[in-house]
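Engineer: start_31.cif is reproduced below (mmCIF, C-alpha atoms).
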```cif
data_model
loop_
_atom_site.group_PDB
_atom_site.id
_atom_site.type_symbol
_atom_site.label_atom_id
_atom_site.label_comp_id
_atom_site.auth_asym_id
_atom_site.auth_seq_id
_atom_site.Cartn_x
_atom_site.Cartn_y
_atom_site.Cartn_z
ATOM 1 C CA MET A 1 -25.563 -2.770 -31.819
ATOM 2 C CA THR A 2 -26.625 -6.388 -32.057
ATOM 3 C CA ILE A 3 -27.102 -8.233 -28.772
ATOM 4 C CA THR A 4 -25.830 -11.811 -28.793
ATOM 5 C CA LEU A 5 -25.787 -14.571 -26.232
ATOM 6 C CA ASP A 6 -21.976 -14.454 -26.209
ATOM 7 C CA ALA A 7 -22.055 -10.690 -25.514
ATOM 8 C CA ILE A 8 -24.491 -11.235 -22.640
ATOM 9 C CA LYS A 9 -22.346 -14.030 -21.167
ATOM 10 C CA THR A 10 -19.219 -11.870 -21.432
ATOM 11 C CA GLU A 11 -20.949 -8.963 -19.698
ATOM 12 C CA HIS A 12 -22.349 -11.318 -17.048
ATOM 13 C CA ALA A 13 -18.851 -12.660 -16.316
ATOM 14 C CA ARG A 14 -17.459 -9.105 -16.120
ATOM 15 C CA LEU A 15 -20.176 -8.074 -13.652
ATOM 16 C CA GLY A 16 -19.557 -11.225 -11.606
ATOM 17 C CA ASP A 17 -15.872 -10.331 -11.366
ATOM 18 C CA MET A 18 -16.776 -6.773 -10.290
ATOM 19 C CA ILE A 19 -19.144 -8.092 -7.602
ATOM 20 C CA SER A 20 -16.482 -10.482 -6.314
ATOM 21 C CA ALA A 21 -13.892 -7.688 -6.167
ATOM 22 C CA PHE A 22 -16.351 -5.410 -4.370
ATOM 23 C CA GLU A 23 -17.195 -8.069 -1.788
ATOM 24 C CA LYS A 24 -13.496 -8.503 -1.022
ATOM 25 C CA GLN A 25 -13.289 -4.767 -0.308
ATOM 26 C CA ALA A 26 -16.039 -4.754 2.299
ATOM 27 C CA ALA A 27 -15.169 -2.968 5.517
ATOM 28 C CA SER A 28 -14.037 -5.321 8.235
ATOM 29 C CA GLU A 29 -12.418 -5.481 11.614
ATOM 30 C CA PHE A 30 -9.095 -7.015 12.436
ATOM 31 C CA VAL A 31 -8.489 -8.036 16.042
ATOM 32 C CA ILE A 32 -4.968 -8.542 17.336
ATOM 33 C CA GLY A 33 -3.897 -8.716 20.955
ATOM 34 C CA GLY A 34 -7.269 -7.440 22.166
ATOM 35 C CA THR A 35 -7.090 -4.389 19.895
ATOM 36 C CA THR A 36 -9.805 -3.983 17.275
ATOM 37 C CA ILE A 37 -8.682 -2.246 14.101
ATOM 38 C CA LYS A 38 -11.379 -1.180 11.681
ATOM 39 C CA LEU A 39 -10.373 -1.705 8.077
ATOM 40 C CA ASN A 40 -12.030 0.386 5.389
ATOM 41 C CA PRO A 41 -13.006 -1.196 2.061
ATOM 42 C CA GLY A 42 -9.923 -2.388 0.201
ATOM 43 C CA GLU A 43 -7.516 -1.921 3.116
ATOM 44 C CA ARG A 44 -5.180 -4.738 4.160
ATOM 45 C CA TYR A 45 -3.633 -5.232 7.580
ATOM 46 C CA ALA A 46 0.157 -5.443 7.134
ATOM 47 C CA GLY A 47 1.365 -6.100 10.667
ATOM 48 C CA ILE A 48 2.950 -4.537 13.715
ATOM 49 C CA ALA A 49 5.713 -2.023 13.124
ATOM 50 C CA LEU A 50 8.491 -1.862 15.684
ATOM 51 C CA ASP A 51 10.702 1.088 16.501
ATOM 52 C CA GLU A 52 14.507 0.910 16.409
ATOM 53 C CA SER A 53 14.638 -0.486 19.956
ATOM 54 C CA GLY A 54 12.280 -3.326 18.988
ATOM 55 C CA ALA A 55 9.317 -1.918 20.918
ATOM 56 C CA PHE A 56 5.786 -1.632 19.514
ATOM 57 C CA SER A 57 5.374 1.477 17.371
ATOM 58 C CA HIS A 58 2.067 1.071 15.492
ATOM 59 C CA HIS A 59 -0.115 -1.175 13.364
ATOM 60 C CA LEU A 60 0.434 -0.745 9.629
ATOM 61 C CA ILE A 61 -2.453 -0.769 7.166
ATOM 62 C CA LEU A 62 -1.990 -0.807 3.390
ATOM 63 C CA LEU A 63 -4.488 1.421 1.602
ATOM 64 C CA PRO A 64 -6.094 0.426 -1.703
ATOM 65 C CA GLY A 65 -4.926 1.895 -4.976
ATOM 66 C CA GLU A 66 -1.598 2.627 -6.535
ATOM 67 C CA ALA A 67 0.083 5.494 -8.361
ATOM 68 C CA GLU A 68 2.193 4.643 -11.389
ATOM 69 C CA ASP A 69 5.026 6.590 -12.997
ATOM 70 C CA VAL A 70 5.203 9.355 -10.383
ATOM 71 C CA SER A 71 8.126 11.365 -9.075
ATOM 72 C CA TRP A 72 8.774 11.326 -5.330
ATOM 73 C CA PRO A 73 7.087 14.723 -4.707
ATOM 74 C CA ASP A 74 4.044 13.592 -6.712
ATOM 75 C CA ALA A 75 4.008 10.264 -4.836
ATOM 76 C CA CYS A 76 3.965 12.139 -1.504
ATOM 77 C CA LYS A 77 1.104 14.331 -2.715
ATOM 78 C CA TRP A 78 -0.822 11.311 -4.007
ATOM 79 C CA ALA A 79 -0.398 9.452 -0.682
ATOM 80 C CA ASP A 80 -1.713 12.515 1.187
ATOM 81 C CA GLU A 81 -4.745 12.566 -1.110
ATOM 82 C CA GLN A 82 -5.412 8.936 -0.111
ATOM 83 C CA LEU A 83 -5.484 10.122 3.529
ATOM 84 C CA GLY A 84 -2.287 8.223 4.245
ATOM 85 C CA GLY A 85 1.425 8.531 3.692
ATOM 86 C CA LEU A 86 4.239 6.766 1.912
ATOM 87 C CA PRO A 87 5.686 3.915 3.979
ATOM 88 C CA THR A 88 9.066 4.221 5.647
ATOM 89 C CA ARG A 89 11.855 1.864 4.612
ATOM 90 C CA ARG A 90 11.177 -0.260 7.708
ATOM 91 C CA GLU A 91 7.470 -0.366 6.817
ATOM 92 C CA GLN A 92 8.280 -1.326 3.220
ATOM 93 C CA ALA A 93 10.232 -4.304 4.531
ATOM 94 C CA LEU A 94 7.155 -5.329 6.562
ATOM 95 C CA LEU A 95 4.929 -4.911 3.499
ATOM 96 C CA PHE A 96 7.339 -7.043 1.463
ATOM 97 C CA ALA A 97 7.289 -9.761 4.136
ATOM 98 C CA ASN A 98 3.527 -9.833 4.699
ATOM 99 C CA LEU A 99 1.762 -8.407 1.636
ATOM 100 C CA LYS A 100 4.155 -8.857 -1.285
ATOM 101 C CA SER A 101 1.315 -10.168 -3.465
ATOM 102 C CA GLU A 102 -0.390 -6.754 -3.215
ATOM 103 C CA PHE A 103 2.467 -5.157 -5.191
ATOM 104 C CA GLU A 104 3.609 -5.295 -8.784
ATOM 105 C CA GLU A 105 7.177 -6.509 -9.290
ATOM 106 C CA GLY A 106 8.706 -3.062 -9.485
ATOM 107 C CA ALA A 107 10.117 -0.165 -7.512
ATOM 108 C CA TYR A 108 7.977 1.812 -5.035
ATOM 109 C CA TRP A 109 8.859 5.090 -3.356
ATOM 110 C CA SER A 110 9.305 5.208 0.407
ATOM 111 C CA GLY A 111 8.555 8.309 2.428
ATOM 112 C CA GLU A 112 12.194 8.757 3.411
ATOM 113 C CA ILE A 113 14.632 11.265 2.005
ATOM 114 C CA ARG A 114 18.229 10.111 1.741
ATOM 115 C CA ALA A 115 20.203 11.611 4.635
ATOM 116 C CA GLY A 116 22.749 14.131 3.442
ATOM 117 C CA ASN A 117 21.116 14.645 0.050
ATOM 118 C CA SER A 118 17.600 16.088 0.110
ATOM 119 C CA GLY A 119 17.221 15.702 -3.673
ATOM 120 C CA TRP A 120 17.224 11.910 -3.338
ATOM 121 C CA ALA A 121 14.763 9.494 -1.721
ATOM 122 C CA TRP A 122 14.645 5.790 -0.884
ATOM 123 C CA TYR A 123 12.630 3.163 -2.734
ATOM 124 C CA GLN A 124 12.148 -0.600 -2.625
ATOM 125 C CA TYR A 125 11.802 -3.222 -5.311
ATOM 126 C CA PHE A 126 8.924 -5.592 -4.642
ATOM 127 C CA ASP A 127 10.357 -8.399 -6.721
ATOM 128 C CA ASP A 128 13.372 -9.069 -4.474
ATOM 129 C CA GLY A 129 13.040 -6.633 -1.527
ATOM 130 C CA PHE A 130 16.142 -4.610 -2.487
ATOM 131 C CA GLN A 131 16.150 -1.025 -1.180
ATOM 132 C CA ASN A 132 18.099 1.817 -2.764
ATOM 133 C CA ARG A 133 17.944 5.561 -3.291
ATOM 134 C CA ASN A 134 17.675 7.719 -6.370
ATOM 135 C CA PHE A 135 16.896 11.193 -7.643
ATOM 136 C CA GLN A 136 13.408 12.294 -6.557
ATOM 137 C CA GLY A 137 12.477 13.123 -10.159
ATOM 138 C CA LEU A 138 12.668 9.454 -11.167
ATOM 139 C CA GLU A 139 9.200 8.070 -11.929
ATOM 140 C CA LEU A 140 8.310 4.978 -9.893
ATOM 141 C CA ARG A 141 5.198 3.456 -8.343
ATOM 142 C CA ALA A 142 3.677 4.402 -4.983
ATOM 143 C CA ARG A 143 1.377 2.833 -2.393
ATOM 144 C CA ALA A 144 -0.044 4.610 0.640
ATOM 145 C CA VAL A 145 -0.329 3.343 4.203
ATOM 146 C CA ARG A 146 -1.992 4.485 7.370
ATOM 147 C CA ARG A 147 -0.704 3.956 10.870
ATOM 148 C CA PHE A 148 -2.961 2.925 13.735
ATOM 149 C CA ILE A 149 -1.839 3.511 17.307
ATOM 150 C CA PRO A 150 -4.296 2.154 19.894
ATOM 151 C CA SER A 151 -5.184 4.474 22.734
ATOM 152 C CA VAL A 152 -4.102 1.800 25.242
ATOM 153 C CA ILE A 153 -1.067 -0.354 24.412
#
```
For this file, produce the structure as structure tokens.
Structural biologist:
Amino acid sequence: MTITLDAIKTEHARLGDMISAFEKQAASEFVIGGTTIKLNPGERYAGIALDESGAFSHHLILLPGEAEDVSWPDACKWADEQLGGLPTRREQALLFANLKSEFEEGAYWSGEIRAGNSGWAWYQYFDDGFQNRNFQGLELRARAVRRFIPSVI
């Protein structure tokens, strides 16, 4: 292999991009309402999730990484392996509102099974926010989240 100045510059630029991406993933803390939430490298704070009555439920954190072309059962397994879970439909709406840029324009599995038909599950498109349900064998994308509930609310 012949080493050229252009090859060195290309490799230098690639390493610079890797360093920049790594620095963005550094662990950090997010403080909201007096609560400190530790974010692991690559995690993004998504917001406060409310329950059906409108009361505080938990803080939602988007985990790094993505699964592509996975069935719903495989998406659930993958999310567990990330030490998280698939987001609920309500959480997907929050992710769409606050972190849409973290998603490809495509369909992502939720963690919810369609009521009345256990062979189907809900998903959301991250191009327009549309939610729908389909057969769990369909291959879509998946992102994992973790939920943080402070000890004192």
Engineer: Using only C-alpha atoms for the distances, tell me which of A:Phe148, A:Trp78, A:Tyr125, A:Phe30 is nearest to A:Gln92.
Structural biologist: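 Among A:Phe148, A:Trp78, A:Tyr125, A:Phe30, it is A:Tyr125 that comes nearest to A:Gln92.
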Engineer: Env of A:Ala67: 9 Å cut, atoms = only C-alpha atoms, seq-sep filter 3 positions within chain, self excluded. Answer as a ChimeraX atom specification.
Structural biologist: /A:70,75,78-79,140-143
Engineer: Measuring between all atoms listed in the file, which one of A:Leu99, A:Leu94, A:Val145, A:Leu138 shows the shortest distance to A:Gly65?
Structural biologist: A:Val145
Engineer: Write out as a PyMOL selection string each polymer residue whose atoms come within 10 Å of A:Leu63, counting all atoms listed in the file; drop sequence neighbours fewer than 6 positions from it.
Structural biologist: chain A and resi 39-46+79+82-85+143-146
Engineer: Running the PyMOL selection byres ((chain A and resi 131) around 10) on this model by hand, what would come out? Give it as a PyMOL selection string.
Structural biologist: chain A and resi 89+92-93+107-110+122-126+128-130+132-133
Engineer: Record the distance separating atom CA of A:Lys100 and atom CA of A:Arg14, expressed in Å with one decimal.
Structural biologist: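 Calculated distance between atom CA of A:Lys100 and atom CA of A:Arg14 is 26.2 Å.
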Engineer: Selection in question (the file shown): the PyMOL selection byres ((chain A and resi 134) around 6). Which residues does it include, as a short mmCIF file (atom, residue, chain, number, x, y, z; two decimals) with C-alpha atoms, keeping the file's coordinate frame?
Structural biologist:
```cif
data_model
loop_
_atom_site.label_atom_id
_atom_site.label_comp_id
_atom_site.auth_asym_id
_atom_site.auth_seq_id
_atom_site.Cartn_x
_atom_site.Cartn_y
_atom_site.Cartn_z
CA TRP A 120 17.22 11.91 -3.34
CA ALA A 121 14.76 9.49 -1.72
CA ARG A 133 17.94 5.56 -3.29
CA PHE A 135 16.90 11.19 -7.64
#
```
Engineer: Quick one: residues within 8 Å of A:Glu29, only C-alpha atoms, excluding same-chain residues fewer than 4 positions away - as an MDAnalysis selection string?
Structural biologist: chainID A and resid 36:39
Engineer: Write out the residues from the selection above, keeping C-alpha atoms, as a PDB file, in the frame of the given file.
Structural biologist:
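Output saved as selection-v5.pdb:
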```
ATOM      1  CA  THR A  36      -9.805  -3.983  17.275  1.00  0.00           C
ATOM      2  CA  ILE A  37      -8.682  -2.246  14.101  1.00  0.00           C
ATOM      3  CA  LYS A  38     -11.379  -1.180  11.681  1.00  0.00           C
ATOM      4  CA  LEU A  39     -10.373  -1.705   8.077  1.00  0.00           C
TER       5      LEU A  39
END
```
Engineer: Pick out the closest residue to A:Gly106 from this set: A:Glu68, A:Leu62, A:Glu11, A:Ile32. Count all atoms listed in the file.
Structural biologist: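 Once distances to A:Gly106 are computed over all atoms listed in the file, the minimum belongs to A:Glu68.
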Engineer: Measuring atom to atom with all atoms listed in the file, identify which of A:Gly54, A:Pro73, A:Pro150, A:Gly47 is nearest to A:Gly119.
Structural biologist: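 Under the stated criterion, the closest residue is A:Pro73.
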Engineer: To one decimal place in Å, what is the distance between atom CA of A:Gly137 and atom CA of A:Arg114?
Structural biologist: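 Computing it gives 13.6 Å between the two atoms.
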Engineer: Using all atoms listed in the file, which of A:Leu50, A:Ile113, A:Leu15, A:Ile8 sits nearest A:Gln136?
Structural biologist: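 Answer, going by the shortest atom-to-atom distance: A:Ile113.
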Engineer: What gap, in Å, lies between atom CA of A:Ala49 and atom CA of A:Glu91?
Structural biologist: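 The value is 6.8 Å.
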Engineer: For A:Ile149, which residue among A:Asn98, A:Ser28, A:Ser20, A:Ser57 is the nearest when counting only C-alpha atoms?
Structural biologist: A:Ser57
Engineer: Starting from the incomplete input, reconstruct N, CA and C atoms of stretch 136-151 of chain A and report them as a CSV table (one decimal), in the coordinates of the input.
Structural biologist:
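Everything below was put into result_30.csv:
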```
chain,number,residue,atom,x,y,z
A,136,GLN,N,14.8,12.2,-6.8
A,136,GLN,CA,13.4,12.3,-6.6
A,136,GLN,C,12.6,12.5,-7.8
A,137,GLY,N,13.2,12.9,-8.9
A,137,GLY,CA,12.5,13.1,-10.2
A,137,GLY,C,12.2,11.8,-10.9
A,138,LEU,N,12.9,10.7,-10.5
A,138,LEU,CA,12.7,9.5,-11.2
A,138,LEU,C,11.2,9.0,-11.0
A,139,GLU,N,10.6,8.5,-12.0
A,139,GLU,CA,9.2,8.1,-11.9
A,139,GLU,C,9.1,6.6,-11.6
A,140,LEU,N,8.5,6.3,-10.4
A,140,LEU,CA,8.3,5.0,-9.9
A,140,LEU,C,6.8,4.8,-9.5
A,141,ARG,N,6.5,3.7,-8.9
A,141,ARG,CA,5.2,3.5,-8.3
A,141,ARG,C,5.1,4.0,-6.9
A,142,ALA,N,3.9,4.0,-6.4
A,142,ALA,CA,3.7,4.4,-5.0
A,142,ALA,C,2.4,3.7,-4.4
A,143,ARG,N,2.5,3.3,-3.2
A,143,ARG,CA,1.4,2.8,-2.4
A,143,ARG,C,1.3,3.6,-1.1
A,144,ALA,N,0.1,3.9,-0.6
A,144,ALA,CA,0.0,4.6,0.6
A,144,ALA,C,-0.4,3.7,1.8
A,145,VAL,N,0.0,4.1,3.0
A,145,VAL,CA,-0.3,3.3,4.2
A,145,VAL,C,-0.9,4.3,5.2
A,146,ARG,N,-1.6,3.7,6.2
A,146,ARG,CA,-2.0,4.5,7.4
A,146,ARG,C,-1.5,3.7,8.6
A,147,ARG,N,-1.3,4.5,9.6
A,147,ARG,CA,-0.7,4.0,10.9
A,147,ARG,C,-1.8,4.1,12.0
A,148,PHE,N,-2.0,3.0,12.7
A,148,PHE,CA,-3.0,2.9,13.7
A,148,PHE,C,-2.2,2.7,15.1
A,149,ILE,N,-2.4,3.6,16.0
A,149,ILE,CA,-1.8,3.5,17.3
A,149,ILE,C,-3.0,3.4,18.3
A,150,PRO,N,-3.2,2.3,18.9
A,150,PRO,CA,-4.3,2.2,19.9
A,150,PRO,C,-4.1,3.1,21.1
A,151,SER,N,-5.2,3.5,21.6
A,151,SER,CA,-5.2,4.5,22.7
A,151,SER,C,-4.6,3.8,24.0
```
